[in-house]
Structure formats: structure tokens, C-alpha cells
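Chemist: Here you go, this is structure_20.txt (compact mmCIF, C-alpha atoms).
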```txt
# COMPACT_ATOMS: atom_id res chain seq x y z
CA MET T 1 0.00 0.00 0.00
CA ARG T 2 1.18 3.51 -0.78
CA VAL T 3 -0.37 6.60 0.78
CA LEU T 4 0.49 10.24 0.40
CA GLU T 5 -1.03 11.04 3.79
CA PRO T 6 -0.17 8.64 6.63
CA TRP T 7 -3.48 9.02 8.48
CA LEU T 8 -5.21 7.42 5.49
CA ALA T 9 -3.36 4.11 5.92
CA ALA T 10 -5.47 2.74 8.79
CA PRO T 11 -8.90 3.28 7.18
CA LEU T 12 -7.67 1.92 3.85
CA THR T 13 -6.13 -1.13 5.51
CA GLY T 14 -9.44 -1.80 7.23
CA LEU T 15 -11.35 -1.53 3.96
CA LEU T 16 -9.00 -3.92 2.17
CA ARG T 17 -8.93 -6.45 5.00
CA GLU T 18 -12.66 -6.54 5.65
CA SER T 19 -13.90 -6.48 2.08
CA SER T 20 -11.23 -8.83 0.65
CA ALA T 21 -10.67 -6.33 -2.13
CA ARG T 22 -7.81 -6.84 -4.59
CA LEU T 23 -7.06 -3.29 -5.64
CA ALA T 24 -7.95 0.08 -4.21
CA LEU T 25 -7.37 3.65 -5.26
CA VAL T 26 -8.26 6.89 -3.49
CA MET T 27 -8.08 10.14 -5.41
CA THR T 28 -9.42 13.64 -5.55
CA ALA T 29 -12.33 14.52 -7.83
CA SER T 30 -9.84 15.82 -10.36
CA GLY T 31 -7.98 12.52 -10.47
CA GLN T 32 -4.97 13.27 -8.25
CA VAL T 33 -4.01 10.00 -6.57
CA ILE T 34 -3.88 10.06 -2.77
CA ALA T 35 -3.48 6.37 -1.96
CA GLN T 36 -3.31 3.09 -3.77
CA HIS T 37 -3.02 -0.59 -3.02
CA GLY T 38 -2.25 -3.43 -5.39
CA PHE T 39 -1.11 -1.53 -8.46
CA THR T 40 2.46 -2.21 -9.50
CA ARG T 41 2.87 0.22 -12.38
CA SER T 42 2.48 3.96 -12.05
CA LEU T 43 1.04 4.10 -15.55
CA ASP T 44 -1.85 1.87 -14.47
CA VAL T 45 -2.59 4.08 -11.49
CA MET T 46 -2.65 7.24 -13.56
CA ALA T 47 -4.89 5.68 -16.20
CA VAL T 48 -7.33 4.24 -13.64
CA ALA T 49 -7.47 7.54 -11.76
CA ALA T 50 -8.15 9.52 -14.91
CA LEU T 51 -10.80 7.09 -16.13
CA GLY T 52 -12.42 6.86 -12.70
CA ALA T 53 -12.64 10.63 -12.31
CA GLY T 54 -14.15 10.78 -15.79
CA ILE T 55 -16.78 8.16 -14.95
CA VAL T 56 -17.80 9.96 -11.76
CA ALA T 57 -18.04 13.27 -13.57
CA THR T 58 -20.05 11.65 -16.36
CA THR T 59 -22.53 9.95 -14.03
CA ALA T 60 -22.95 13.15 -12.01
CA GLU T 61 -23.89 14.97 -15.18
CA LEU T 62 -26.16 12.09 -16.20
CA ALA T 63 -27.89 12.32 -12.82
CA ARG T 64 -28.41 16.02 -13.36
CA LEU T 65 -29.85 15.45 -16.83
CA VAL T 66 -32.41 12.91 -15.60
CA GLY T 67 -33.49 15.28 -12.85
CA SER T 68 -31.86 13.68 -9.84
CA SER T 69 -31.38 16.10 -6.97
CA THR T 70 -28.21 14.30 -5.90
CA ASP T 71 -25.42 12.43 -7.64
CA PHE T 72 -25.63 8.70 -8.10
CA GLY T 73 -24.15 7.16 -4.98
CA ALA T 74 -21.86 4.68 -6.66
CA VAL T 75 -21.09 3.06 -9.98
CA VAL T 76 -20.61 -0.71 -10.03
CA HIS T 77 -19.29 -2.83 -12.87
CA HIS T 78 -19.83 -6.50 -12.12
CA GLY T 79 -18.08 -9.05 -14.28
CA ASP T 80 -17.71 -12.81 -14.07
CA ARG T 81 -14.40 -12.79 -12.23
CA GLN T 82 -14.20 -9.37 -10.68
CA GLY T 83 -16.16 -6.24 -10.04
CA ILE T 84 -15.36 -2.56 -9.72
CA TRP T 85 -16.88 -0.27 -7.12
CA LEU T 86 -16.46 3.42 -7.83
CA ALA T 87 -17.94 6.04 -5.54
CA PRO T 88 -17.38 9.68 -4.59
CA PHE T 89 -17.48 10.73 -0.95
CA ASP T 90 -17.15 14.03 0.84
CA THR T 91 -14.25 14.74 3.20
CA PRO T 92 -12.96 17.84 5.01
CA ARG T 93 -10.43 17.98 2.16
CA GLY T 94 -13.14 18.16 -0.48
CA ARG T 95 -14.75 15.52 -2.64
CA TRP T 96 -12.72 12.35 -3.04
CA ILE T 97 -13.29 9.24 -5.11
CA GLY T 98 -12.66 5.63 -4.16
CA ILE T 99 -12.17 2.77 -6.58
CA VAL T 100 -12.24 -0.79 -5.28
CA VAL T 101 -11.64 -3.87 -7.41
CA PHE T 102 -12.95 -7.08 -5.87
CA GLY T 103 -13.08 -10.72 -6.87
CA ARG T 104 -15.37 -13.70 -6.32
CA ASP T 105 -14.34 -13.93 -2.67
CA SER T 106 -16.14 -10.65 -1.98
CA SER T 107 -19.41 -9.10 -3.11
CA VAL T 108 -20.96 -5.77 -4.01
CA GLY T 109 -22.78 -5.75 -0.70
CA LEU T 110 -19.64 -6.29 1.34
CA VAL T 111 -17.68 -3.66 -0.55
CA ARG T 112 -20.57 -1.18 -0.21
CA MET T 113 -20.77 -1.75 3.52
CA PHE T 114 -17.07 -1.45 4.25
CA PHE T 115 -16.60 1.40 1.79
CA ASP T 116 -19.26 3.39 3.66
CA ARG T 117 -17.36 2.74 6.90
CA PHE T 118 -14.09 3.72 5.20
CA ALA T 119 -15.60 7.00 4.01
CA ALA T 120 -16.90 7.74 7.52
CA GLU T 121 -13.49 6.97 9.05
CA VAL T 122 -11.79 9.24 6.52
CA ARG T 123 -14.20 12.06 7.35
CA ASP T 124 -13.43 11.63 11.05
CA ALA T 125 -9.68 11.18 10.70
CA ALA T 126 -8.91 13.84 8.11
CA PRO T 127 -6.91 16.73 9.56
CA SER T 128 -8.33 20.17 8.96
CA LEU T 129 -7.40 21.74 5.69
CA THR T 130 -4.25 23.82 5.76
CA PRO T 131 -4.01 26.96 3.61
CA PRO T 132 -2.63 26.12 0.16
CA ARG T 133 1.06 26.77 -0.21
CA GLU T 134 2.38 28.83 -3.02
CA LEU T 135 3.70 26.47 -5.65
CA LEU T 136 7.17 27.51 -6.75
CA ALA T 137 8.59 26.30 -10.00
CA GLU T 138 11.80 25.06 -8.43
CA GLY T 139 9.89 23.08 -5.79
CA PHE T 140 7.38 21.52 -8.13
CA GLU T 141 9.62 18.83 -9.57
CA ARG T 142 10.92 17.80 -6.14
CA GLU T 143 7.40 17.63 -4.67
CA LEU T 144 6.15 15.65 -7.64
CA ASP T 145 9.09 13.28 -7.27
CA ASP T 146 8.39 12.87 -3.55
CA SER T 147 4.74 12.15 -4.23
CA LEU T 148 5.50 9.55 -6.90
CA ARG T 149 8.10 7.92 -4.67
CA ALA T 150 5.59 7.74 -1.82
CA LEU T 151 3.00 6.14 -4.08
CA PHE T 152 5.16 3.71 -6.02
CA GLY T 153 8.43 3.39 -4.18
CA GLU T 154 11.83 3.39 -5.75
CA ALA T 155 10.58 1.22 -8.61
CA SER T 156 8.89 4.23 -10.22
CA ARG T 157 12.12 6.07 -10.77
CA MET N 1 -43.28 -14.25 -8.03
CA THR N 2 -43.91 -10.54 -7.67
CA HIS N 3 -42.56 -8.25 -5.00
CA THR N 4 -45.82 -8.15 -3.00
CA PRO N 5 -45.97 -11.87 -2.13
CA TRP N 6 -42.30 -11.66 -1.14
CA GLN N 7 -43.19 -8.83 1.21
CA GLN N 8 -46.02 -10.85 2.73
CA LEU N 9 -43.70 -13.79 3.34
CA LEU N 10 -41.11 -11.57 5.00
CA ASP N 11 -43.76 -9.85 7.11
CA SER N 12 -44.95 -13.22 8.38
CA ALA N 13 -41.40 -14.05 9.50
CA THR N 14 -41.01 -10.69 11.22
CA ALA N 15 -44.30 -11.30 13.04
CA VAL N 16 -42.69 -14.05 15.09
CA PRO N 17 -41.95 -12.62 18.55
CA GLY N 18 -38.31 -11.63 18.93
CA VAL N 19 -37.55 -11.48 15.20
CA ARG N 20 -35.93 -8.16 14.34
CA GLY N 21 -36.12 -8.55 10.62
CA ALA N 22 -36.28 -10.79 7.60
CA VAL N 23 -34.47 -10.15 4.34
CA LEU N 24 -34.47 -11.81 0.96
CA VAL N 25 -30.85 -11.71 -0.13
CA SER N 26 -29.08 -12.24 -3.41
CA VAL N 27 -26.12 -14.26 -2.14
CA ASP N 28 -24.14 -13.72 -5.32
CA ASP N 29 -23.77 -9.97 -4.74
CA GLY N 30 -24.85 -9.58 -1.11
CA LEU N 31 -27.67 -7.17 -1.88
CA VAL N 32 -31.20 -6.88 -0.47
CA ILE N 33 -34.00 -8.02 -2.77
CA ALA N 34 -36.87 -7.46 -0.32
CA GLU N 35 -37.03 -6.78 3.37
CA SER N 36 -39.26 -6.48 6.39
CA ALA N 37 -37.45 -5.20 9.43
CA MET N 38 -37.43 -2.88 12.39
CA ASP N 39 -36.11 0.57 11.63
CA HIS N 40 -32.82 0.21 13.46
CA LEU N 41 -31.82 -3.01 11.73
CA ALA N 42 -29.28 -2.30 8.99
CA THR N 43 -30.71 -4.72 6.46
CA ALA N 44 -28.15 -3.87 3.77
CA ASP N 45 -25.35 -4.79 6.17
CA VAL N 46 -27.19 -7.95 7.22
CA ALA N 47 -27.52 -8.95 3.58
CA ALA N 48 -23.84 -8.33 2.86
CA LEU N 49 -22.56 -10.23 5.89
CA ALA N 50 -25.09 -13.05 5.66
CA SER N 51 -24.21 -13.63 2.01
CA ALA N 52 -20.52 -13.82 2.95
CA ILE N 53 -21.30 -16.41 5.62
CA VAL N 54 -23.50 -18.44 3.27
CA GLN N 55 -20.88 -18.37 0.51
CA ARG N 56 -18.21 -19.62 2.89
CA ALA N 57 -20.49 -22.30 4.29
CA CYS N 58 -21.14 -23.51 0.76
CA ARG N 59 -17.40 -23.61 0.06
CA VAL N 60 -16.74 -25.55 3.24
CA SER N 61 -19.44 -28.08 2.32
CA ALA N 62 -18.03 -28.44 -1.17
CA ALA N 63 -14.50 -28.88 0.17
CA ALA N 64 -15.74 -31.56 2.56
CA GLY N 65 -17.48 -33.37 -0.29
CA HIS N 66 -20.94 -32.59 0.98
CA ARG N 67 -23.91 -31.14 -0.84
CA THR N 68 -24.70 -27.44 -0.76
CA PRO N 69 -26.31 -26.60 2.59
CA HIS N 70 -29.94 -25.57 2.56
CA SER N 71 -29.69 -23.60 5.78
CA VAL N 72 -27.06 -21.80 7.84
CA ARG N 73 -27.45 -20.69 11.43
CA VAL N 74 -25.14 -18.44 13.43
CA SER N 75 -25.86 -17.80 17.11
CA GLY N 76 -24.24 -15.38 19.50
CA GLU N 77 -24.91 -13.70 22.80
CA ALA N 78 -26.87 -10.90 21.15
CA GLY N 79 -29.02 -13.05 18.92
CA THR N 80 -29.26 -15.47 16.06
CA LEU N 81 -29.04 -15.27 12.30
CA MET N 82 -30.82 -17.92 10.26
CA ALA N 83 -30.53 -18.29 6.50
CA PHE N 84 -32.47 -20.67 4.27
CA ALA N 85 -31.88 -21.34 0.58
CA ALA N 86 -34.85 -20.11 -1.43
CA ASP N 87 -34.78 -19.85 -5.19
CA GLY N 88 -31.43 -20.13 -6.97
CA LEU N 89 -29.09 -17.56 -5.48
CA LEU N 90 -31.81 -16.10 -3.26
CA TRP N 91 -31.60 -16.85 0.45
CA LEU N 92 -34.12 -15.99 3.11
CA VAL N 93 -32.36 -14.48 6.12
CA ALA N 94 -33.80 -13.61 9.52
CA VAL N 95 -32.22 -11.89 12.52
CA ALA N 96 -33.68 -12.70 15.92
CA ASP N 97 -33.14 -11.65 19.52
CA PRO N 98 -31.96 -14.25 22.05
CA SER N 99 -35.49 -14.38 23.41
CA ALA N 100 -37.05 -15.30 20.06
CA GLU N 101 -38.85 -18.58 19.52
CA LEU N 102 -36.13 -20.08 17.36
CA GLY N 103 -37.81 -23.43 16.82
CA ARG N 104 -40.91 -21.77 15.45
CA LEU N 105 -38.81 -19.40 13.37
CA ARG N 106 -36.78 -22.26 11.89
CA LEU N 107 -39.91 -24.14 10.84
CA LEU N 108 -41.50 -21.01 9.41
CA LEU N 109 -38.40 -20.00 7.43
CA GLY N 110 -38.12 -23.52 6.05
CA ASP N 111 -41.72 -23.37 4.85
CA LEU N 112 -41.30 -19.88 3.43
CA ALA N 113 -38.12 -20.82 1.60
CA ALA N 114 -39.89 -23.86 0.15
CA SER N 115 -42.77 -21.68 -1.05
CA LEU N 116 -40.28 -19.33 -2.68
CA ARG N 117 -38.76 -22.29 -4.53
CA GLY N 118 -42.19 -23.38 -5.67
```
Let me see the file written as C-alpha cells.
Modeler:
Amino acid sequence: MRVLEPWLAAPLTGLLRESSARLALVMTASGQVIAQHGFTRSLDVMAVAALGAGIVATTAELARLVGSSTDFGAVVHHGDRQGIWLAPFDTPRGRWIGIVVFGRDSSVGLVRMFFDRFAAEVRDAAPSLTPPRELLAEGFERELDDSLRALFGEASR
Amino acid sequence: MTHTPWQQLLDSATAVPGVRGAVLVSVDDGLVIAESAMDHLATADVAALASAIVQRACRVSAAAGHRTPHSVRVSGEAGTLMAFAADGLLWLVAVADPSAELGRLRLLLGDLAASLRG
């Protein structure tokens, strides 16, 4: 597991353990990855994050078009061997998105239940938002490198 | 079978004294198909956890060379969960307090599950 923010590790570990999920990804609504488990290639993570953020944005717009007062709660793709649970949730840091890939040893119901608990734990555990720092050009590359190293380890370099 | 008869069957199970709720569960995905329960019973969570128990019980039976179980019962200090195979992947699940008439509930759930199969 790789997390950008250490306080996220405990809730994510609980979600993975209880739901028997294979892969998990937590990201902001814009697709910035915050934590991941199970992915071995950074390219996969970036692609999944981008596609997931796109799906959530698309379904939110679809909900608006059909007159729903709120977004759809979650999007589930259920295949023969594995399923994908994709759901946005609100945190003190803004709207985040969780993607959980699960196999035959889990179920949509189990993932839903433990994902709801995960989202509640994240809401409770999230530190208050600090004022955004000014992003300097010389610091950007180092911070990006630190973030990628935290998410993928030395193998990403 | 339409949703209304399902509801009547579940209501009859919940009418047994001490039964907190009855849920028709799709064991394949752990979701609620129909339910009759007290307000504070989290039926979606019951469905998810009961389906996980049933799936594991079925795997244990298969590994032991036995046939698929037609019922699963889990008892604890706070109550009992009973699950009966209904139609295909549908299982009838009931959650009862320790004070519930479990013998009566078991017979009733068996009959209800059989009627769902029919």
C-alpha cells in the first residue's frame, strides 16, 4: 500500500482487509491519486485515476440530466471474475473518489458496507485543511518526485 | 413471483416474537431483494454479511465433499441469524433476539423458503 497522507493508511487497511478487495485507489475529484493498493505500475494508477474521475463526472452529469437532486451514490461494474466499485465521498479535504476492485471472494454488498465505513473513518480522521502553499517552479519537480516515490516506491524512478 | 408476495412472506417471519427482521438476499452480490425489518436493523449490512457467511459455508461443504447446505445458522450472545436457501441464489435471512422462539422461526423460514422455490 502507498499513501500520500499517513493518516489514510489505517482506514484503507481496514477496507481492504474486511472487504477482501484486490485493488484500491483513493483520489481527488480531479484525479490526483492520494493512496493506492495493489497496483504495480504507475502508468496503471494514472490511467485508472483519470478514467475513474471521468466516470464519476459523467454519471454526475447524467444524474443532473435525468433530474436527480443528488449524484448517483456509486457506480458498479460486475463481471464474471471481478467487479469494480467506484464512488465519490465528501471529506474535510473536499470531494474524493474511491475505486475498489474485488473478486469472487467478496461481493458488491460487502464492498458497499465497508466502503461506507471507510468514508466515515476518513471524514473523522482527516486533519483540517491547511491553507494552500504557493507552488514555486523550483519546488514543483521535487514535490512531484516525492509524491510519486511515496505512491510507487523506488521502482517508479 | 412478484414483489408483493415476497413482502407478505417476509412480514410473516417478522411477526414471530423476537424477530428483528427478515431479508431476501441475493447471495451472489450480497444485496437486499426485499425486506421487512425494524427501523434500526441495517438490512443492507445484514444482507452483505449473511451472504458472505452463506458463501463460505457452501465452500466448506463443497471442500468436505458434501452437498450445498440448505440452511445456515449463526448464534451469539446478542441473537441469532438464520438463512435458508430459497430460489437459486436467493436466500431468506432472519435476525432474531436471544429471546425469540427459534424453533418456530426455523420451521417457518423452512416453509417460506420452500414456497419461494415453488
Chemist: Do a neighbour search on Ser36 of chain N at 6 Å with all atoms listed in the file, toss out local chain neighbours closer than 5 positions, and write the hits as a PDB file with C-alpha atoms, in the frame of the given file.
Modeler:
```pdb
ATOM      1  CA  LEU N  10     -41.110 -11.570   5.000  1.00  0.00           C
ATOM      2  CA  ASP N  11     -43.760  -9.850   7.110  1.00  0.00           C
ATOM      3  CA  GLY N  21     -36.120  -8.550  10.620  1.00  0.00           C
ATOM      4  CA  ALA N  22     -36.280 -10.790   7.600  1.00  0.00           C
TER       5      ALA N  22
END
```
Chemist: Just how far from atom CA of Val46 of chain N is atom CA of Val23 of chain N, in Å to one decimal?
Modeler: 8.1 Å
Chemist: What is the distance, in Å and to one decimal place, between atom CA of Ser12 of chain N and atom CA of Arg67 of chain N?
Modeler: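 Computing it gives 29.1 Å between the two atoms.
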Chemist: Could you list, as a ChimeraX atom specification, every residue within 9 Å of Thr70 of chain T, counting only C-alpha atoms and ignoring same-chain residues fewer than 5 positions away?
Modeler: /T:60,63-64
Chemist: Report the closest atom pair, with its distance in Å rounded to one decimal, for each residue of chain N that has an atom no farther than 12 Å from chain T; count all atoms listed in the file, sort by chain and then rising residue number, and write it as CSV.
Modeler:
```
residue,atom,partner,partner_atom,distance
N:Val25,CA,T:Gly109,CA,10.0
N:Ser26,CA,T:Gly109,CA,9.4
N:Val27,CA,T:Ser107,CA,8.5
N:Asp28,CA,T:Ser107,CA,7.0
N:Asp29,CA,T:Ser107,CA,4.7
N:Gly30,CA,T:Gly109,CA,4.4
N:Leu31,CA,T:Gly109,CA,5.2
N:Val32,CA,T:Gly109,CA,8.5
N:Ile33,CA,T:Gly109,CA,11.6
N:Ala42,CA,T:Met113,CA,10.1
N:Thr43,CA,T:Gly109,CA,10.7
N:Ala44,CA,T:Gly109,CA,7.2
N:Asp45,CA,T:Met113,CA,6.1
N:Val46,CA,T:Gly109,CA,9.3
N:Ala47,CA,T:Gly109,CA,7.1
N:Ala48,CA,T:Gly109,CA,4.5
N:Leu49,CA,T:Leu110,CA,6.7
N:Ala50,CA,T:Leu110,CA,9.7
N:Ser51,CA,T:Ser107,CA,8.4
N:Ala52,CA,T:Ser106,CA,7.3
N:Ile53,CA,T:Ser106,CA,10.8
N:Val54,CA,T:Asp105,CA,11.8
N:Gln55,CA,T:Asp105,CA,8.5
N:Arg56,CA,T:Asp105,CA,8.8
N:Arg59,CA,T:Asp105,CA,10.5
```
Chemist: Quick one: pull the distance between atom CA of Gly79 of chain N and atom CA of Ala96 of chain N, Å, one decimal.
Modeler: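 Answer for the atom CA of Gly79 of chain N to atom CA of Ala96 of chain N separation: 5.6 Å.
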Chemist: Would you list the contacts of segment 44-55 of chain T as a VMD selection string, taking every protein, DNA or RNA residue within 9 Å and counting all atoms listed in the file, but skipping same-chain residues closer than 6 positions in sequence?
Modeler: chain T and resid 25 to 33 36 75 86 97 to 99
Chemist: What lies within 6 Å of Val101 of chain T using only C-alpha atoms, ignoring chain neighbours under 4 positions off, as a ChimeraX atom specification?
Modeler: /T:21-23,83-84
Chemist: Give me the residues near Leu108 of chain N as a list in words, where near means some atom within 10 Å (using only C-alpha atoms) and where sequence neighbours in that chain fewer than 5 positions away do not count.
Modeler: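 Close residues of Leu108 of chain N: Leu9, Ser12, Ala13, Val16, Leu102, Gly103, Ala113 and Ala114 of chain N.
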Chemist: My list of candidates is N:Ala15, N:Leu112, N:Ala34, N:Ala100. Which is closest to Ala85 of chain N when distances are computed with only C-alpha atoms?
Modeler: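 Closest candidate: N:Leu112.
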Chemist: Of the candidates N:Val72, N:Ala57, N:Leu105, N:Leu89, which shows the shortest atom-to-atom distance to Arg20 of chain N, using all atoms listed in the file?
Modeler: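 With all atoms listed in the file as the atom set, the closest residue is N:Leu105.
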